[in-house]
>>> print(open('start.csv').read())   # CSV, C-alpha atoms
chain,number,residue,atom,x,y,z
A,1,MET,CA,-4.9,38.8,-40.5
A,2,LYS,CA,-2.6,36.2,-39.1
A,3,PRO,CA,-1.6,38.3,-36.0
A,4,VAL,CA,-5.2,38.9,-35.2
A,5,PHE,CA,-6.0,35.2,-35.6
A,6,HIS,CA,-3.0,34.3,-33.3
A,7,ARG,CA,-4.2,36.7,-30.7
A,8,TRP,CA,-7.7,35.2,-30.7
A,9,LEU,CA,-6.2,31.7,-30.6
A,10,THR,CA,-4.0,32.6,-27.7
A,11,LEU,CA,-6.9,34.1,-25.8
A,12,ALA,CA,-9.1,31.0,-26.5
A,13,LEU,CA,-6.4,28.8,-25.2
A,14,LEU,CA,-5.9,30.9,-22.1
A,15,LEU,CA,-9.7,30.9,-21.4
A,16,ALA,CA,-9.8,27.1,-21.9
A,17,SER,CA,-6.9,26.7,-19.5
A,18,LEU,CA,-8.5,28.9,-16.8
A,19,SER,CA,-11.8,26.9,-17.3
A,20,LEU,CA,-10.0,23.6,-16.8
A,21,SER,CA,-8.3,24.9,-13.6
A,22,ALA,CA,-11.6,26.3,-12.2
A,23,CYS,CA,-13.5,23.1,-12.8
A,24,GLY,CA,-10.9,21.0,-11.0
A,25,TYR,CA,-9.7,19.1,-14.1
A,26,ASN,CA,-6.1,19.8,-13.3
A,27,GLN,CA,-6.6,18.7,-9.7
A,28,PHE,CA,-7.9,15.4,-10.8
A,29,GLN,CA,-4.8,14.9,-13.0
A,30,SER,CA,-2.3,15.8,-10.3
A,31,GLY,CA,-4.3,13.9,-7.6
A,32,ASN,CA,-4.4,10.8,-9.8
A,33,GLU,CA,-0.7,10.9,-10.3
A,34,GLN,CA,-0.1,11.3,-6.6
A,35,VAL,CA,-2.3,8.3,-5.9
A,36,LYS,CA,-0.5,6.2,-8.5
A,37,ALA,CA,2.9,7.2,-7.1
A,38,SER,CA,1.8,6.4,-3.5
A,39,TRP,CA,0.4,3.1,-4.6
A,40,SER,CA,3.6,2.1,-6.3
A,41,GLU,CA,5.5,2.7,-3.0
A,42,VAL,CA,2.9,0.6,-1.1
A,43,LEU,CA,3.5,-2.3,-3.5
A,44,SER,CA,7.2,-1.9,-3.3
A,45,GLN,CA,7.3,-2.3,0.4
A,46,TYR,CA,4.8,-5.2,0.5
A,47,GLN,CA,7.0,-6.9,-2.1
A,48,ARG,CA,10.1,-6.3,0.0
A,49,ARG,CA,8.3,-8.1,2.9
A,50,ALA,CA,7.3,-11.0,0.7
A,51,ASP,CA,10.9,-11.3,-0.5
A,52,LEU,CA,12.1,-11.6,3.1
A,53,ILE,CA,9.7,-14.3,4.1
A,54,PRO,CA,11.4,-17.2,2.3
A,55,ASN,CA,14.6,-16.5,4.2
A,56,LEU,CA,12.6,-16.6,7.5
A,57,VAL,CA,10.9,-19.9,6.5
A,58,ASN,CA,14.3,-21.4,5.6
A,59,VAL,CA,15.7,-20.4,9.0
A,60,VAL,CA,12.6,-21.8,10.8
A,61,LYS,CA,12.9,-25.1,8.9
A,62,GLY,CA,16.2,-25.6,10.7
A,63,GLN,CA,14.2,-26.1,13.9
A,64,ALA,CA,13.3,-29.8,13.5
A,65,ASP,CA,10.3,-29.8,15.9
A,66,PHE,CA,8.8,-26.4,14.9
A,67,GLU,CA,5.1,-26.4,14.4
A,68,GLN,CA,4.7,-27.3,10.7
A,69,GLY,CA,1.1,-26.1,10.5
A,70,THR,CA,2.1,-22.5,11.5
A,71,LEU,CA,5.0,-22.6,9.1
A,72,GLN,CA,2.8,-23.8,6.2
A,73,ALA,CA,0.2,-21.1,6.9
A,74,VAL,CA,2.9,-18.5,6.3
A,75,VAL,CA,3.9,-20.1,3.0
A,76,GLU,CA,0.3,-20.4,1.8
A,77,ALA,CA,-0.6,-16.8,2.8
A,78,ARG,CA,2.5,-15.5,1.0
A,79,ALA,CA,1.6,-17.4,-2.1
A,80,LYS,CA,-1.9,-16.0,-2.0
A,81,ALA,CA,-0.8,-12.4,-1.5
A,82,THR,CA,1.8,-12.5,-4.3
A,83,SER,CA,-0.6,-14.2,-6.7
A,84,ILE,CA,-2.7,-11.1,-6.9
A,85,GLN,CA,-1.8,-8.9,-9.8
A,86,ALA,CA,-1.6,-5.5,-8.1
A,87,SER,CA,-1.6,-3.3,-11.3
A,88,PRO,CA,-2.1,0.5,-11.2
A,89,GLU,CA,-5.7,-0.1,-12.3
A,90,LEU,CA,-6.4,-2.0,-9.1
A,91,VAL,CA,-6.8,1.3,-7.2
A,92,ASN,CA,-9.9,2.0,-9.3
A,93,ASP,CA,-11.6,-1.4,-8.5
A,94,PRO,CA,-13.0,-1.5,-5.0
A,95,GLN,CA,-13.6,-5.3,-5.0
A,96,ALA,CA,-10.1,-6.1,-6.3
A,97,PHE,CA,-8.6,-3.6,-3.8
A,98,GLN,CA,-10.5,-5.3,-1.0
A,99,LYS,CA,-9.2,-8.7,-2.1
A,100,PHE,CA,-5.6,-7.4,-2.2
A,101,GLN,CA,-6.0,-5.8,1.3
A,102,GLN,CA,-7.4,-9.0,2.8
A,103,ALA,CA,-4.6,-11.1,1.4
A,104,GLN,CA,-2.0,-8.8,2.9
A,105,LYS,CA,-3.9,-8.8,6.2
A,106,ASP,CA,-3.9,-12.6,6.2
A,107,LEU,CA,-0.2,-12.7,5.5
A,108,SER,CA,0.4,-10.3,8.4
A,109,GLY,CA,-1.7,-12.5,10.7
A,110,SER,CA,0.1,-15.8,9.8
A,111,LEU,CA,3.5,-14.1,10.1
A,112,SER,CA,2.6,-12.8,13.5
A,113,ARG,CA,1.5,-16.2,14.7
A,114,LEU,CA,4.7,-17.7,13.5
A,115,LEU,CA,6.7,-15.1,15.4
A,116,VAL,CA,4.7,-15.7,18.6
A,117,VAL,CA,5.3,-19.5,18.3
A,118,SER,CA,9.0,-18.9,17.8
A,119,GLU,CA,9.2,-17.6,21.4
A,120,ASN,CA,8.9,-21.2,22.5
A,121,TYR,CA,12.2,-22.1,20.9
A,122,PRO,CA,15.1,-20.3,22.6
A,123,SER,CA,17.7,-21.8,20.2
A,124,LEU,CA,15.7,-20.4,17.3
A,125,ARG,CA,15.4,-16.9,18.8
A,126,ALA,CA,19.2,-16.9,19.4
A,127,ASN,CA,19.9,-17.9,15.8
A,128,GLN,CA,22.0,-15.3,14.0
A,129,GLY,CA,19.6,-15.6,11.0
A,130,PHE,CA,16.7,-14.5,13.1
A,131,ILE,CA,18.7,-11.6,14.5
A,132,ASP,CA,19.6,-10.4,11.0
A,133,LEU,CA,16.0,-10.8,9.8
A,134,GLN,CA,14.8,-8.8,12.8
A,135,ALA,CA,16.3,-5.6,11.6
A,136,GLN,CA,15.2,-6.1,8.0
A,137,LEU,CA,11.6,-7.0,8.8
A,138,GLU,CA,11.2,-4.3,11.4
A,139,GLY,CA,12.5,-1.7,8.9
A,140,THR,CA,10.1,-3.1,6.3
A,141,GLU,CA,7.1,-2.9,8.6
A,142,ASN,CA,8.0,0.7,9.3
A,143,ARG,CA,8.3,1.4,5.5
A,144,ILE,CA,4.9,-0.2,4.9
A,145,ALA,CA,3.3,2.0,7.6
A,146,VAL,CA,4.8,5.1,6.0
A,147,ALA,CA,3.8,4.1,2.5
A,148,ARG,CA,0.2,3.3,3.6
A,149,ASN,CA,-0.1,6.6,5.3
A,150,ARG,CA,1.0,8.4,2.1
A,151,TYR,CA,-1.4,6.4,0.0
A,152,ILE,CA,-4.3,7.0,2.5
A,153,LYS,CA,-3.7,10.8,2.4
A,154,ALA,CA,-3.4,10.9,-1.4
A,155,VAL,CA,-6.7,9.0,-1.8
A,156,GLN,CA,-8.4,11.2,0.8
A,157,ASP,CA,-7.4,14.3,-1.1
A,158,TYR,CA,-8.5,12.8,-4.4
A,159,ASN,CA,-11.9,11.8,-3.0
A,160,VAL,CA,-12.4,15.2,-1.5
A,161,THR,CA,-12.0,16.7,-5.0
A,162,VAL,CA,-14.5,14.2,-6.4
A,163,HIS,CA,-17.2,15.4,-3.9
A,164,SER,CA,-16.3,19.1,-3.7
A,165,PHE,CA,-18.1,21.8,-5.7
A,166,PRO,CA,-17.4,22.7,-8.6
A,167,SER,CA,-15.0,19.8,-9.2
A,168,ASN,CA,-17.8,17.3,-8.5
A,169,LEU,CA,-19.5,18.6,-11.7
A,170,THR,CA,-16.3,17.6,-13.6
A,171,ALA,CA,-16.3,14.3,-11.8
A,172,MET,CA,-19.8,13.5,-12.9
A,173,ALA,CA,-19.2,14.7,-16.5
A,174,LEU,CA,-15.9,12.8,-17.0
A,175,GLY,CA,-16.7,9.8,-14.9
A,176,TYR,CA,-14.2,10.4,-12.0
A,177,LYS,CA,-15.1,8.2,-9.1
A,178,GLU,CA,-13.9,7.7,-5.5
A,179,LYS,CA,-10.9,5.5,-5.2
A,180,PRO,CA,-10.9,2.7,-2.6
A,181,ASN,CA,-8.7,3.2,0.5
A,182,PHE,CA,-7.2,1.1,3.2
A,183,THR,CA,-9.4,0.3,6.2
A,184,VAL,CA,-8.1,-0.5,9.7
A,185,ASP,CA,-9.8,-1.7,12.9
A,186,ASN,CA,-7.8,0.8,14.8
A,187,GLU,CA,-6.7,4.1,13.2
A,188,ALA,CA,-3.7,4.1,15.6
A,189,ALA,CA,-2.5,0.9,13.8
A,190,ILE,CA,-1.5,3.0,10.8
A,191,ALA,CA,0.8,5.3,12.8
A,192,LYS,CA,2.3,2.5,14.9
A,193,PRO,CA,3.7,-0.4,12.9
A,194,PRO,CA,3.8,-3.8,14.5
A,195,SER,CA,6.9,-4.8,16.4
A,196,VAL,CA,8.9,-7.6,14.9
A,197,ASN,CA,11.6,-8.7,17.3
A,198,PHE,CA,13.4,-12.0,17.3
A,199,GLY,CA,16.0,-11.2,19.9
A,200,PRO,CA,16.4,-13.3,23.0
A,201,GLY,CA,14.0,-12.2,25.8
A,202,ASN,CA,12.1,-9.9,23.4
A,203,PRO,CA,8.6,-11.3,22.6
A,204,ALA,CA,7.2,-10.8,19.2
A,205,VAL,CA,4.0,-8.6,19.2
A,206,LYS,CA,1.0,-9.2,17.1
>>> encode(input="start.csv", output="structure tokens")
Amino acid sequence: MKPVFHRWLTLALLLASLSLSACGYNQFQSGNEQVKASWSEVLSQYQRRADLIPNLVNVVKGQADFEQGTLQAVVEARAKATSIQASPELVNDPQAFQKFQQAQKDLSGSLSRLLVVSENYPSLRANQGFIDLQAQLEGTENRIAVARNRYIKAVQDYNVTVHSFPSNLTAMALGYKEKPNFTVDNEAAIAKPPSVNFGPGNPAVK
């Protein structure tokens, strides 16, 4: 009796496994894990940039006549961006995700303005601290671009699964919904990170 029961149990488990695969359940699980991993990398690189900004601010403070309004804007934008709790659940909340993206965009804008203004101070651009930060910030911007690309691709794949047949039936039954994604004014901006250059004679680019 037991061998027969075990065979039926094995067959039932096999059929259940095949059913889950066919309906896209496994795709949702693997896709969700990929989105979470990509999101963690995005957060890591944004945090790396945030950690570098205080060093930049301290160097700029050494320039006595530097525009304090521009400097303060960077400090405030960083504080706003880092105050948002970017938990893994944030990728499932479109409004929270939009708030996070806007804060990072504001920080990028204020940082770019500071770099442009710094061009008016030759002694600041020749400062060794600026030269050292150039390589670090430029590398970070590249890492942010790469991490965002991976996240965008992971979310696109996940959202395709949400809308494709027959996995869309599973999505409706189990409540899987589209995940929010990054938006850009110019798609090329994703592939080409902004230039951050503090070297003498090399203007910073917005």
>>> closest_residue(input="start.csv", among="A:Glu89, A:Asp51, A:Asp106, A:Asp65", to="Asn32 in chain A", atoms="only C-alpha atoms")
A:Glu89
>>> closest_residue(input="start.csv", among="A:Ala154, A:Phe28, A:Arg48, A:Ile84", to="Gln136 in chain A", atoms="all atoms listed in the file")
A:Arg48
>>> atom_distance(input="start.csv", atom1="CA of Pro166 in chain A", atom2="CA of Lys179 in chain A")
18.7 Å
>>> closest_residue(input="start.csv", among="A:Trp39, A:Phe66, A:Phe130, A:Phe100", to="Tyr151 in chain A", atoms="only C-alpha atoms")
A:Trp39
>>> closest_residue(input="start.csv", among="A:Val91, A:Ser108, A:Leu169, A:Tyr158", to="Gln27 in chain A", atoms="only C-alpha atoms")
A:Tyr158
>>> closest_residue(input="start.csv", among="A:Gln98, A:Ser110, A:Gln68, A:Gln45", to="Pro180 in chain A", atoms="all atoms listed in the file")
A:Gln98
>>> atom_distance(input="start.csv", atom1="CA of Asn159 in chain A", atom2="CA of Ala81 in chain A")
26.7 Å
>>> residues_around(input="start.csv", residues="Leu71 in chain A", least_positions_apart="5", cutoff="9 Å", atoms="all atoms listed in the file", output="ChimeraX atom specification")
/A:57,60-61,66,76,110-111,114
>>> write_last_selection(input="start.csv", atoms="C-alpha atoms", output="PDB file, keeping the file's coordinate frame")
ATOM      1  CA  VAL A  57      10.900 -19.900   6.500  1.00  0.00           C
ATOM      2  CA  VAL A  60      12.600 -21.800  10.800  1.00  0.00           C
ATOM      3  CA  LYS A  61      12.900 -25.100   8.900  1.00  0.00           C
ATOM      4  CA  PHE A  66       8.800 -26.400  14.900  1.00  0.00           C
ATOM      5  CA  GLU A  76       0.300 -20.400   1.800  1.00  0.00           C
ATOM      6  CA  SER A 110       0.100 -15.800   9.800  1.00  0.00           C
ATOM      7  CA  LEU A 111       3.500 -14.100  10.100  1.00  0.00           C
ATOM      8  CA  LEU A 114       4.700 -17.700  13.500  1.00  0.00           C
TER       9      LEU A 114
END
>>> residues_near_point(input="start.csv", point="(13.7, -26.3, 20.4)", cutoff="9 Å", atoms="all atoms listed in the file", output="list in words")
Gln63, Ala64, Asp65, Phe66, Asn120, Tyr121, Pro122, Ser123 and Leu124 of chain A
>>> atom_distance(input="start.csv", atom1="CA of Tyr46 in chain A", atom2="CA of Thr140 in chain A")
8.1 Å
>>> closest_residue(input="start.csv", among="A:Ala145, A:Thr183, A:Val162, A:Leu43", to="Leu90 in chain A", atoms="all atoms listed in the file")
A:Leu43
>>> build_atoms(input="start.csv", residues="range 167-178 of chain A", atoms="all heavy atoms", output="tab-separated table (two decimals), in the frame of the given file")
chain	number	residue	atom	x	y	z
A	167	SER	N	-15.70	20.96	-8.58
A	167	SER	CA	-15.00	19.80	-9.20
A	167	SER	C	-15.88	18.58	-9.28
A	167	SER	O	-15.65	17.71	-10.11
A	167	SER	CB	-13.71	19.52	-8.43
A	167	SER	OG	-13.97	19.29	-7.07
A	168	ASN	N	-16.92	18.51	-8.41
A	168	ASN	CA	-17.80	17.30	-8.50
A	168	ASN	C	-18.58	17.31	-9.79
A	168	ASN	O	-18.96	16.25	-10.27
A	168	ASN	CB	-18.75	17.32	-7.28
A	168	ASN	CG	-19.69	18.52	-7.25
A	168	ASN	OD1	-19.34	19.60	-7.71
A	168	ASN	ND2	-20.87	18.33	-6.68
A	169	LEU	N	-18.81	18.50	-10.39
A	169	LEU	CA	-19.50	18.60	-11.70
A	169	LEU	C	-18.59	17.93	-12.77
A	169	LEU	O	-19.06	17.20	-13.65
A	169	LEU	CB	-19.82	20.00	-12.05
A	169	LEU	CG	-20.72	20.73	-11.05
A	169	LEU	CD1	-20.96	22.16	-11.50
A	169	LEU	CD2	-22.06	19.99	-10.88
A	170	THR	N	-17.30	18.23	-12.67
A	170	THR	CA	-16.30	17.60	-13.60
A	170	THR	C	-16.26	16.14	-13.40
A	170	THR	O	-16.18	15.37	-14.36
A	170	THR	CB	-14.95	18.26	-13.40
A	170	THR	OG1	-15.02	19.67	-13.58
A	170	THR	CG2	-13.94	17.68	-14.37
A	171	ALA	N	-16.30	15.72	-12.14
A	171	ALA	CA	-16.30	14.30	-11.80
A	171	ALA	C	-17.44	13.56	-12.47
A	171	ALA	O	-17.28	12.48	-13.05
A	171	ALA	CB	-16.25	14.07	-10.32
A	172	MET	N	-18.62	14.15	-12.36
A	172	MET	CA	-19.80	13.50	-12.90
A	172	MET	C	-19.73	13.52	-14.47
A	172	MET	O	-20.10	12.53	-15.12
A	172	MET	CB	-21.07	14.26	-12.48
A	172	MET	CG	-21.42	14.02	-11.02
A	172	MET	SD	-23.03	14.72	-10.54
A	172	MET	CE	-22.61	16.48	-10.51
A	173	ALA	N	-19.24	14.63	-15.04
A	173	ALA	CA	-19.20	14.70	-16.50
A	173	ALA	C	-18.15	13.80	-17.11
A	173	ALA	O	-18.38	13.22	-18.17
A	173	ALA	CB	-18.86	16.19	-16.88
A	174	LEU	N	-17.02	13.62	-16.43
A	174	LEU	CA	-15.90	12.80	-17.00
A	174	LEU	C	-15.80	11.44	-16.37
A	174	LEU	O	-14.90	10.68	-16.73
A	174	LEU	CB	-14.60	13.59	-16.85
A	174	LEU	CG	-14.55	14.95	-17.56
A	174	LEU	CD1	-13.18	15.60	-17.36
A	174	LEU	CD2	-14.84	14.79	-19.06
A	175	GLY	N	-16.68	11.13	-15.43
A	175	GLY	CA	-16.70	9.80	-14.90
A	175	GLY	C	-15.64	9.52	-13.80
A	175	GLY	O	-15.30	8.36	-13.54
A	176	TYR	N	-15.12	10.57	-13.14
A	176	TYR	CA	-14.20	10.40	-12.00
A	176	TYR	C	-14.92	9.87	-10.81
A	176	TYR	O	-15.92	10.48	-10.41
A	176	TYR	CB	-13.42	11.65	-11.72
A	176	TYR	CG	-12.55	12.16	-12.82
A	176	TYR	CD1	-12.66	13.47	-13.28
A	176	TYR	CD2	-11.60	11.33	-13.42
A	176	TYR	CE1	-11.85	13.94	-14.30
A	176	TYR	CE2	-10.79	11.80	-14.43
A	176	TYR	CZ	-10.92	13.10	-14.87
A	176	TYR	OH	-10.11	13.56	-15.89
A	177	LYS	N	-14.47	8.79	-10.24
A	177	LYS	CA	-15.10	8.20	-9.10
A	177	LYS	C	-14.17	8.12	-7.89
A	177	LYS	O	-12.97	8.24	-8.05
A	177	LYS	CB	-15.69	6.83	-9.40
A	177	LYS	CG	-16.70	6.81	-10.54
A	177	LYS	CD	-17.24	5.43	-10.77
A	177	LYS	CE	-18.21	5.41	-11.96
A	177	LYS	NZ	-19.36	6.30	-11.75
A	178	GLU	N	-14.76	7.90	-6.71
A	178	GLU	CA	-13.90	7.70	-5.50
A	178	GLU	C	-13.00	6.50	-5.72
A	178	GLU	O	-13.34	5.53	-6.37
A	178	GLU	CB	-14.84	7.36	-4.31
A	178	GLU	CG	-15.29	8.56	-3.54
A	178	GLU	CD	-15.88	8.16	-2.19
A	178	GLU	OE1	-15.90	6.95	-1.87
A	178	GLU	OE2	-16.32	9.06	-1.46
